[in-house]
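Undergrad: Contents of data.cif (mmCIF, C-alpha atoms, pLDDT in the B column; chains and numbers go by the auth columns) are below:
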```
data_final
#
loop_
_atom_site.group_PDB
_atom_site.id
_atom_site.type_symbol
_atom_site.label_atom_id
_atom_site.label_comp_id
_atom_site.label_asym_id
_atom_site.label_seq_id
_atom_site.Cartn_x
_atom_site.Cartn_y
_atom_site.Cartn_z
_atom_site.B_iso_or_equiv
_atom_site.auth_seq_id
_atom_site.auth_asym_id
ATOM 1 C CA MET A 1 3.722 6.701 -23.572 43.00 255 N
ATOM 2 C CA GLY A 2 0.068 5.556 -23.366 52.00 256 N
ATOM 3 C CA GLU A 3 -2.550 6.754 -20.947 70.00 257 N
ATOM 4 C CA ARG A 4 -2.692 4.760 -17.730 75.00 258 N
ATOM 5 C CA LEU A 5 -6.051 2.941 -17.433 84.00 259 N
ATOM 6 C CA ALA A 6 -5.458 1.000 -14.198 90.00 260 N
ATOM 7 C CA LEU A 7 -3.070 0.975 -11.253 94.00 261 N
ATOM 8 C CA LYS A 8 -1.378 -2.067 -9.780 95.00 262 N
ATOM 9 C CA THR A 9 -0.504 -1.813 -6.087 95.00 263 N
ATOM 10 C CA GLU A 10 1.048 -3.820 -3.305 96.00 264 N
ATOM 11 C CA PRO A 11 0.462 -3.167 0.403 96.00 265 N
ATOM 12 C CA PHE A 12 2.971 -1.098 2.356 97.00 266 N
ATOM 13 C CA ALA A 13 2.822 -1.902 6.080 98.00 267 N
ATOM 14 C CA ALA A 14 4.188 -0.236 9.183 98.00 268 N
ATOM 15 C CA GLU A 15 3.751 -1.562 12.698 98.00 269 N
ATOM 16 C CA ARG A 16 4.456 0.132 16.031 98.00 270 N
ATOM 17 C CA GLU A 17 4.106 -0.805 19.688 97.00 271 N
ATOM 18 C CA TRP A 18 4.241 1.599 22.614 97.00 272 N
ATOM 19 C CA THR A 19 4.988 0.555 26.164 95.00 273 N
ATOM 20 C CA VAL A 20 4.638 1.998 29.641 94.00 274 N
ATOM 21 C CA GLU A 21 7.094 0.689 32.216 92.00 275 N
ATOM 22 C CA GLY A 22 8.044 -2.056 29.754 93.00 276 N
ATOM 23 C CA VAL A 23 4.447 -3.256 29.309 93.00 277 N
ATOM 24 C CA PRO A 24 2.838 -2.960 25.846 95.00 278 N
ATOM 25 C CA VAL A 25 -0.221 -0.689 26.099 95.00 279 N
ATOM 26 C CA LEU A 26 -0.848 0.298 22.460 97.00 280 N
ATOM 27 C CA SER A 27 -0.113 -1.373 19.153 97.00 281 N
ATOM 28 C CA ALA A 28 -0.752 0.030 15.703 98.00 282 N
ATOM 29 C CA LEU A 29 -0.717 -1.517 12.267 98.00 283 N
ATOM 30 C CA ALA A 30 -0.965 0.642 9.170 98.00 284 N
ATOM 31 C CA GLN A 31 -1.382 -0.764 5.677 98.00 285 N
ATOM 32 C CA VAL A 32 -1.647 1.577 2.708 98.00 286 N
ATOM 33 C CA PRO A 33 -1.464 1.023 -1.047 97.00 287 N
ATOM 34 C CA GLU A 34 1.913 1.249 -2.721 96.00 288 N
ATOM 35 C CA PRO A 35 1.688 1.705 -6.507 96.00 289 N
ATOM 36 C CA GLU A 36 4.003 -0.181 -8.796 93.00 290 N
ATOM 37 C CA GLY A 37 5.905 1.911 -11.288 90.00 291 N
ATOM 38 C CA LYS A 38 7.993 5.063 -11.200 90.00 292 N
ATOM 39 C CA ASP A 39 5.877 7.474 -13.227 92.00 293 N
ATOM 40 C CA ARG A 40 4.612 10.774 -11.833 93.00 294 N
ATOM 41 C CA THR A 41 1.158 9.420 -10.926 94.00 295 N
ATOM 42 C CA ALA A 42 2.561 6.404 -9.068 95.00 296 N
ATOM 43 C CA ARG A 43 5.017 8.611 -7.152 95.00 297 N
ATOM 44 C CA ARG A 44 2.302 11.098 -6.202 96.00 298 N
ATOM 45 C CA ILE A 45 -0.089 8.385 -4.976 96.00 299 N
ATOM 46 C CA LYS A 46 2.711 6.649 -3.073 97.00 300 N
ATOM 47 C CA ARG A 47 3.676 9.926 -1.371 97.00 301 N
ATOM 48 C CA PHE A 48 0.018 10.673 -0.475 97.00 302 N
ATOM 49 C CA TYR A 49 -0.575 7.323 1.233 97.00 303 N
ATOM 50 C CA ARG A 50 2.837 7.210 2.913 97.00 304 N
ATOM 51 C CA LEU A 51 1.987 10.613 4.448 98.00 305 N
ATOM 52 C CA GLN A 52 -1.378 9.245 5.559 98.00 306 N
ATOM 53 C CA CYS A 53 0.432 6.318 7.178 98.00 307 N
ATOM 54 C CA ARG A 54 2.858 8.595 9.029 98.00 308 N
ATOM 55 C CA ALA A 55 0.024 10.893 10.153 98.00 309 N
ATOM 56 C CA PHE A 56 -1.901 7.894 11.485 98.00 310 N
ATOM 57 C CA LEU A 57 1.086 6.628 13.500 98.00 311 N
ATOM 58 C CA ARG A 58 1.733 10.149 14.809 98.00 312 N
ATOM 59 C CA TYR A 59 -1.955 10.396 15.854 98.00 313 N
ATOM 60 C CA CYS A 60 -1.610 7.074 17.690 98.00 314 N
ATOM 61 C CA GLU A 61 1.418 8.336 19.580 97.00 315 N
ATOM 62 C CA LYS A 62 0.123 11.818 20.392 98.00 316 N
ATOM 63 C CA CYS A 63 -3.569 11.069 21.052 96.00 317 N
ATOM 64 C CA LEU A 64 -4.101 7.377 21.775 96.00 318 N
ATOM 65 C CA LEU A 65 -0.941 6.623 23.743 96.00 319 N
ATOM 66 C CA PRO A 66 -1.782 9.073 26.577 96.00 320 N
ATOM 67 C CA GLN A 67 -5.230 7.428 26.869 94.00 321 N
ATOM 68 C CA ALA A 68 -3.689 3.963 26.890 95.00 322 N
ATOM 69 C CA ALA A 69 -1.101 4.977 29.491 95.00 323 N
ATOM 70 C CA ALA A 70 -3.798 6.464 31.736 94.00 324 N
ATOM 71 C CA GLU A 71 -5.910 3.297 31.419 92.00 325 N
ATOM 72 C CA TYR A 72 -2.859 1.166 32.186 93.00 326 N
ATOM 73 C CA ARG A 73 -2.110 3.129 35.360 94.00 327 N
ATOM 74 C CA ALA A 74 -5.767 3.089 36.448 93.00 328 N
ATOM 75 C CA ALA A 75 -5.935 -0.676 35.890 92.00 329 N
ATOM 76 C CA LEU A 76 -2.791 -1.200 37.977 92.00 330 N
ATOM 77 C CA GLU A 77 -4.166 0.956 40.755 93.00 331 N
ATOM 78 C CA ALA A 78 -7.518 -0.870 40.789 92.00 332 N
ATOM 79 C CA SER A 79 -6.011 -4.357 40.272 91.00 333 N
ATOM 80 C CA ARG A 80 -7.954 -4.791 37.037 90.00 334 N
ATOM 81 C CA PRO A 81 -6.744 -6.630 33.936 87.00 335 N
ATOM 82 C CA LEU A 82 -4.312 -4.534 31.940 84.00 336 N
ATOM 83 C CA PRO A 83 -5.767 -3.000 28.776 85.00 337 N
ATOM 84 C CA ALA A 84 -4.374 -3.689 25.331 85.00 338 N
ATOM 85 C CA PHE A 85 -5.314 -0.854 22.984 95.00 339 N
ATOM 86 C CA ARG A 86 -5.051 -1.432 19.236 97.00 340 N
ATOM 87 C CA ALA A 87 -5.316 0.867 16.237 98.00 341 N
ATOM 88 C CA GLU A 88 -5.379 -0.193 12.599 98.00 342 N
ATOM 89 C CA LEU A 89 -5.307 1.595 9.280 98.00 343 N
ATOM 90 C CA SER A 90 -6.296 -0.567 6.320 98.00 344 N
ATOM 91 C CA TYR A 91 -7.378 -0.063 2.738 98.00 345 N
ATOM 92 C CA ARG A 92 -9.387 -1.677 -0.024 97.00 346 N
ATOM 93 C CA VAL A 93 -9.292 -0.809 -3.713 97.00 347 N
ATOM 94 C CA THR A 94 -12.917 -0.381 -4.783 96.00 348 N
ATOM 95 C CA TYR A 95 -12.517 0.570 -8.464 96.00 349 N
ATOM 96 C CA ASN A 96 -9.626 0.290 -10.882 96.00 350 N
ATOM 97 C CA GLU A 97 -10.432 0.761 -14.559 94.00 351 N
ATOM 98 C CA GLY A 98 -11.011 3.325 -17.258 93.00 352 N
ATOM 99 C CA GLY A 99 -8.351 5.665 -15.881 94.00 353 N
ATOM 100 C CA LEU A 100 -9.977 5.962 -12.451 96.00 354 N
ATOM 101 C CA TRP A 101 -8.647 4.357 -9.279 97.00 355 N
ATOM 102 C CA SER A 102 -10.700 4.403 -6.062 97.00 356 N
ATOM 103 C CA VAL A 103 -9.590 3.298 -2.644 97.00 357 N
ATOM 104 C CA CYS A 104 -11.344 3.200 0.711 97.00 358 N
ATOM 105 C CA THR A 105 -9.188 3.578 3.827 98.00 359 N
ATOM 106 C CA GLN A 106 -10.460 2.616 7.247 98.00 360 N
ATOM 107 C CA THR A 107 -9.162 3.258 10.739 98.00 361 N
ATOM 108 C CA ARG A 108 -10.280 1.110 13.651 97.00 362 N
ATOM 109 C CA GLU A 109 -9.484 2.060 17.236 97.00 363 N
ATOM 110 C CA THR A 110 -10.091 -0.580 19.895 93.00 364 N
ATOM 111 C CA LEU A 111 -9.745 1.289 23.165 85.00 365 N
ATOM 112 C CA GLY A 112 -11.231 -0.907 25.814 77.00 366 N
ATOM 113 C CA PRO A 113 -14.318 -3.023 26.307 78.00 367 N
ATOM 114 C CA GLY A 114 -16.721 -0.868 24.251 81.00 368 N
ATOM 115 C CA PRO A 115 -17.251 -0.954 20.510 90.00 369 N
ATOM 116 C CA ALA A 116 -14.389 -0.004 18.230 92.00 370 N
ATOM 117 C CA LEU A 117 -14.340 3.444 16.655 94.00 371 N
ATOM 118 C CA VAL A 118 -14.315 3.027 12.869 96.00 372 N
ATOM 119 C CA THR A 119 -13.672 5.863 10.423 96.00 373 N
ATOM 120 C CA ARG A 120 -13.762 5.428 6.652 96.00 374 N
ATOM 121 C CA ARG A 121 -12.495 7.667 3.896 95.00 375 N
ATOM 122 C CA GLY A 122 -12.678 7.269 0.146 95.00 376 N
ATOM 123 C CA ASP A 123 -10.490 8.747 -2.570 96.00 377 N
ATOM 124 C CA THR A 124 -10.799 8.505 -6.325 97.00 378 N
ATOM 125 C CA TRP A 125 -7.796 9.343 -8.495 97.00 379 N
ATOM 126 C CA ASP A 126 -7.627 10.372 -12.140 96.00 380 N
ATOM 127 C CA LEU A 127 -4.700 8.257 -13.305 95.00 381 N
ATOM 128 C CA ALA A 128 -4.034 10.362 -16.411 93.00 382 N
ATOM 129 C CA ALA A 129 -3.787 13.639 -14.477 91.00 383 N
ATOM 130 C CA GLY A 130 -2.312 12.079 -11.347 91.00 384 N
ATOM 131 C CA TYR A 131 -4.647 13.921 -8.964 94.00 385 N
ATOM 132 C CA PRO A 132 -7.682 13.067 -6.835 96.00 386 N
ATOM 133 C CA VAL A 133 -11.042 13.696 -8.492 95.00 387 N
ATOM 134 C CA PRO A 134 -13.275 16.154 -6.594 91.00 388 N
ATOM 135 C CA LEU A 135 -16.608 14.699 -5.499 90.00 389 N
ATOM 136 C CA LYS A 136 -18.539 17.362 -7.423 89.00 390 N
ATOM 137 C CA ASP A 137 -17.142 15.974 -10.698 90.00 391 N
ATOM 138 C CA PHE A 138 -19.360 12.890 -10.290 87.00 392 N
ATOM 139 C CA PHE A 139 -22.566 14.962 -10.372 87.00 393 N
ATOM 140 C CA PRO A 140 -24.157 17.035 -13.139 89.00 394 N
ATOM 141 C CA ALA A 141 -23.224 20.735 -13.201 88.00 395 N
ATOM 142 C CA GLY A 142 -25.518 22.770 -10.969 85.00 396 N
ATOM 143 C CA ALA A 143 -26.737 19.728 -9.028 84.00 397 N
ATOM 144 C CA ALA A 144 -27.308 20.182 -5.309 88.00 398 N
ATOM 145 C CA TRP A 145 -24.982 17.283 -4.579 87.00 399 N
ATOM 146 C CA LYS A 146 -24.021 18.349 -1.053 88.00 400 N
ATOM 147 C CA LYS A 147 -27.664 18.485 0.065 90.00 401 N
ATOM 148 C CA ARG A 148 -28.336 15.161 -1.623 88.00 402 N
ATOM 149 C CA ILE A 149 -25.430 13.455 0.134 89.00 403 N
ATOM 150 C CA LEU A 150 -26.312 14.949 3.525 91.00 404 N
ATOM 151 C CA ARG A 151 -29.947 13.869 3.106 92.00 405 N
ATOM 152 C CA HIS A 152 -28.860 10.298 2.323 90.00 406 N
ATOM 153 C CA ALA A 153 -26.488 10.313 5.303 90.00 407 N
ATOM 154 C CA GLU A 154 -29.294 11.472 7.615 93.00 408 N
ATOM 155 C CA GLU A 155 -31.521 8.671 6.315 93.00 409 N
ATOM 156 C CA GLU A 156 -28.773 6.099 6.906 90.00 410 N
ATOM 157 C CA ILE A 157 -28.190 7.336 10.447 90.00 411 N
ATOM 158 C CA ARG A 158 -31.903 7.066 11.238 90.00 412 N
#
```
Translate the structure of the given file into structure tokens.
TA:
Amino acid sequence: MGERLALKTEPFAAEREWTVEGVPVLSALAQVPEPEGKDRTARRIKRFYRLQCRAFLRYCEKCLLPQAAAEYRAALEASRPLPAFRAELSYRVTYNEGGLWSVCTQTRETLGPGPALVTRRGDTWDLAAGYPVPLKDFFPAGAAWKKRILRHAEEEIR
């Protein structure tokens, strides 16, 4: 069996809608990568992102639904338009060659009239080993990579 140099995936999607008194108050759509194949690496990556999908939907139910329900009740009481909260988990493959596979996942929470809350996360996988690659492996040994990244983040925020 040869070493895996790239990973082919299809999207796996899960959608949920929560209601209060029969009225939809929160909807969630989660799309994560689903690797093709049945080898150990494909199974491990599939399990990782399926767990991320389930954790996202659980977060929506436990954390966002109470907020949406409270907003719904407040809107009814004040005769305001009813809110429609939405949460999405999506992904984009950013690199897929030479035995490395990188994916960026993004969550977007639209919880009312203000701007959406967006959170991004990136993972890079070693396809031969079947495990994520630690960030430190992309820097020379002994490099102050954490300080360098934090400095760049501070500059971006400014």
Undergrad: Go through N:His406, N:Lys316, N:Arg304, N:Lys262 one by one, measure the shortest atom-to-atom distance of each to N:Leu280 using only C-alpha atoms, and give the residue with the smallest value.
TA: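 Using only C-alpha atoms, N:Leu280 sits closest to N:Lys316.
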Undergrad: What gap, in Å, lies between atom CA of N:Leu261 and atom CA of N:Asp377?
TA: 13.8 Å
Undergrad: The PyMOL selection byres ((chain N and resi 277) around 12) - which residues does that actually catch in the file I just gave you? List them as an MDAnalysis selection string.
TA: chainID N and resid 271:276 278:281 322:323 326:327 330 336:339
Undergrad: List, as a ChimeraX atom specification, every residue that the PyMOL selection byres ((chain N and resi 370) around 12) selects in the file provided.
TA: /N:339-342,360-369,371-373
Undergrad: Between N:Arg375, N:Arg270, N:Lys401, N:Lys390, which is the closest to N:Leu319 once you count only C-alpha atoms?
TA: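 Among the listed residues, N:Arg270 lies closest to N:Leu319.
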Undergrad: Please evaluate the PyMOL selection byres ((chain N and resi 293-296) around 10) against the structure above and give the resulting residues as JSON, numbers by chain.
TA: {"N": [258, 261, 262, 263, 288, 289, 290, 291, 292, 297, 298, 299, 300, 301, 302, 379, 380, 381, 382, 383, 384, 385]}
Undergrad: Kindly provide, as a list in words, the polymer residues lying within 9 Å of (-0.6, 6.9, 7.2), counting only C-alpha atoms and using the coordinates exactly as they appear in the file.
TA: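 Final list of nearby residues, as requested, is Ala268, Ala284, Gln285, Val286, Phe302, Tyr303, Arg304, Leu305, Gln306, Cys307, Arg308, Ala309, Phe310, Leu311, Arg312 and Leu343 of chain N.
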Undergrad: Go ahead and dump the residues you just picked, C-alpha atoms, as a PDB file, in the coordinates of the input.
TA:
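So the final result, stored in out13.pdb, reads:
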```pdb
ATOM      1  CA  ALA N 268       4.188  -0.236   9.183  1.00 98.00           C
ATOM      2  CA  ALA N 284      -0.965   0.642   9.170  1.00 98.00           C
ATOM      3  CA  GLN N 285      -1.382  -0.764   5.677  1.00 98.00           C
ATOM      4  CA  VAL N 286      -1.647   1.577   2.708  1.00 98.00           C
ATOM      5  CA  PHE N 302       0.018  10.673  -0.475  1.00 97.00           C
ATOM      6  CA  TYR N 303      -0.575   7.323   1.233  1.00 97.00           C
ATOM      7  CA  ARG N 304       2.837   7.210   2.913  1.00 97.00           C
ATOM      8  CA  LEU N 305       1.987  10.613   4.448  1.00 98.00           C
ATOM      9  CA  GLN N 306      -1.378   9.245   5.559  1.00 98.00           C
ATOM     10  CA  CYS N 307       0.432   6.318   7.178  1.00 98.00           C
ATOM     11  CA  ARG N 308       2.858   8.595   9.029  1.00 98.00           C
ATOM     12  CA  ALA N 309       0.024  10.893  10.153  1.00 98.00           C
ATOM     13  CA  PHE N 310      -1.901   7.894  11.485  1.00 98.00           C
ATOM     14  CA  LEU N 311       1.086   6.628  13.500  1.00 98.00           C
ATOM     15  CA  ARG N 312       1.733  10.149  14.809  1.00 98.00           C
ATOM     16  CA  LEU N 343      -5.307   1.595   9.280  1.00 98.00           C
TER      17      LEU N 343
END
```
Undergrad: Kindly indicate which residue among N:Tyr345, N:Phe392, N:Tyr313, N:Trp399 lies nearest to N:Val357, using all atoms listed in the file for the distances.
TA: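 That would be N:Tyr345, the residue with the smallest distance to N:Val357.
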Undergrad: Figure out the distance between atom CA of N:Ile411 and atom CA of N:Arg346, please, to one decimal in Å.
TA: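 Going from atom CA of N:Arg346 over to atom CA of N:Ile411 covers 23.3 Å.
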Undergrad: For a test of reading the model, state the distance in Å between atom CA of N:Arg412 and atom CA of N:Asp391, rounded to one decimal.
TA: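 About the pair atom CA of N:Arg412 and atom CA of N:Asp391: they are 27.9 Å apart.
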Undergrad: May I ask which of the residues N:Leu318, N:Thr378, N:Ala397, N:Ile403 is the closest one to N:Val347, counting only C-alpha atoms?
TA: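 For N:Val347, the nearest of the given residues is N:Thr378.
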Undergrad: Hey, could you pull the box centre and edge lengths for stretch 367-386 of chain N, axis-aligned, 5 Å padding per side, all listed atoms, to one decimal in Å, as lines of an AutoDock Vina configuration file?
TA:
```
center_x = -9.8
center_y = 5.4
center_z = 4.9
size_x = 24.9
size_y = 26.9
size_z = 52.7
```
Undergrad: Have a look at N:Arg374, N:Lys400, N:Arg334, N:Arg405 and name the one nearest to N:Cys358; count all atoms listed in the file.
TA: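 That would be N:Arg374, the residue with the smallest distance to N:Cys358.
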Undergrad: Between N:Val387, N:Ala329, N:Ala282, N:Leu404, single out the one closest to N:Gly353, counting all atoms listed in the file.
TA: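 Ranking N:Val387, N:Ala329, N:Ala282, N:Leu404 by distance to N:Gly353, first place goes to N:Val387.
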Undergrad: Kindly add N, CA and C atoms to the incomplete stretch 379-395 of chain N and provide the output as an mmCIF file, in the frame of the given file.
TA:
```cif
data_model
loop_
_atom_site.group_PDB
_atom_site.id
_atom_site.type_symbol
_atom_site.label_atom_id
_atom_site.label_comp_id
_atom_site.auth_asym_id
_atom_site.auth_seq_id
_atom_site.Cartn_x
_atom_site.Cartn_y
_atom_site.Cartn_z
ATOM 1 N N TRP N 379 -8.889 8.695 -7.793
ATOM 2 C CA TRP N 379 -7.796 9.343 -8.495
ATOM 3 C C TRP N 379 -7.999 9.262 -9.999
ATOM 4 N N ASP N 380 -7.700 10.341 -10.675
ATOM 5 C CA ASP N 380 -7.627 10.372 -12.140
ATOM 6 C C ASP N 380 -6.205 9.961 -12.488
ATOM 7 N N LEU N 381 -6.040 8.790 -13.055
ATOM 8 C CA LEU N 381 -4.700 8.257 -13.305
ATOM 9 C C LEU N 381 -3.961 9.001 -14.409
ATOM 10 N N ALA N 382 -4.691 9.612 -15.336
ATOM 11 C CA ALA N 382 -4.034 10.362 -16.411
ATOM 12 C C ALA N 382 -3.465 11.669 -15.865
ATOM 13 N N ALA N 383 -4.237 12.355 -15.038
ATOM 14 C CA ALA N 383 -3.787 13.639 -14.477
ATOM 15 C C ALA N 383 -2.890 13.440 -13.263
ATOM 16 N N GLY N 384 -3.111 12.344 -12.539
ATOM 17 C CA GLY N 384 -2.312 12.079 -11.347
ATOM 18 C C GLY N 384 -2.809 12.811 -10.112
ATOM 19 N N TYR N 385 -4.082 13.191 -10.107
ATOM 20 C CA TYR N 385 -4.647 13.921 -8.964
ATOM 21 C C TYR N 385 -5.969 13.304 -8.536
ATOM 22 N N PRO N 386 -6.358 13.517 -7.266
ATOM 23 C CA PRO N 386 -7.682 13.067 -6.835
ATOM 24 C C PRO N 386 -8.781 13.807 -7.600
ATOM 25 N N VAL N 387 -9.895 13.116 -7.800
ATOM 26 C CA VAL N 387 -11.042 13.696 -8.492
ATOM 27 C C VAL N 387 -11.968 14.289 -7.438
ATOM 28 N N PRO N 388 -12.340 15.573 -7.565
ATOM 29 C CA PRO N 388 -13.275 16.154 -6.594
ATOM 30 C C PRO N 388 -14.643 15.476 -6.680
ATOM 31 N N LEU N 389 -15.311 15.355 -5.556
ATOM 32 C CA LEU N 389 -16.608 14.699 -5.499
ATOM 33 C C LEU N 389 -17.617 15.339 -6.444
ATOM 34 N N LYS N 390 -17.572 16.646 -6.575
ATOM 35 C CA LYS N 390 -18.539 17.362 -7.423
ATOM 36 C C LYS N 390 -18.451 16.928 -8.879
ATOM 37 N N ASP N 391 -17.307 16.399 -9.306
ATOM 38 C CA ASP N 391 -17.142 15.974 -10.698
ATOM 39 C C ASP N 391 -17.992 14.747 -11.052
ATOM 40 N N PHE N 392 -18.536 14.068 -10.046
ATOM 41 C CA PHE N 392 -19.360 12.890 -10.290
ATOM 42 C C PHE N 392 -20.852 13.221 -10.370
ATOM 43 N N PHE N 393 -21.179 14.514 -10.303
ATOM 44 C CA PHE N 393 -22.566 14.962 -10.372
ATOM 45 C C PHE N 393 -22.727 15.950 -11.515
ATOM 46 N N PRO N 394 -23.942 16.062 -12.068
ATOM 47 C CA PRO N 394 -24.157 17.035 -13.139
ATOM 48 C C PRO N 394 -23.900 18.465 -12.647
ATOM 49 N N ALA N 395 -23.464 19.331 -13.559
ATOM 50 C CA ALA N 395 -23.224 20.735 -13.201
ATOM 51 C C ALA N 395 -24.501 21.343 -12.647
#
```
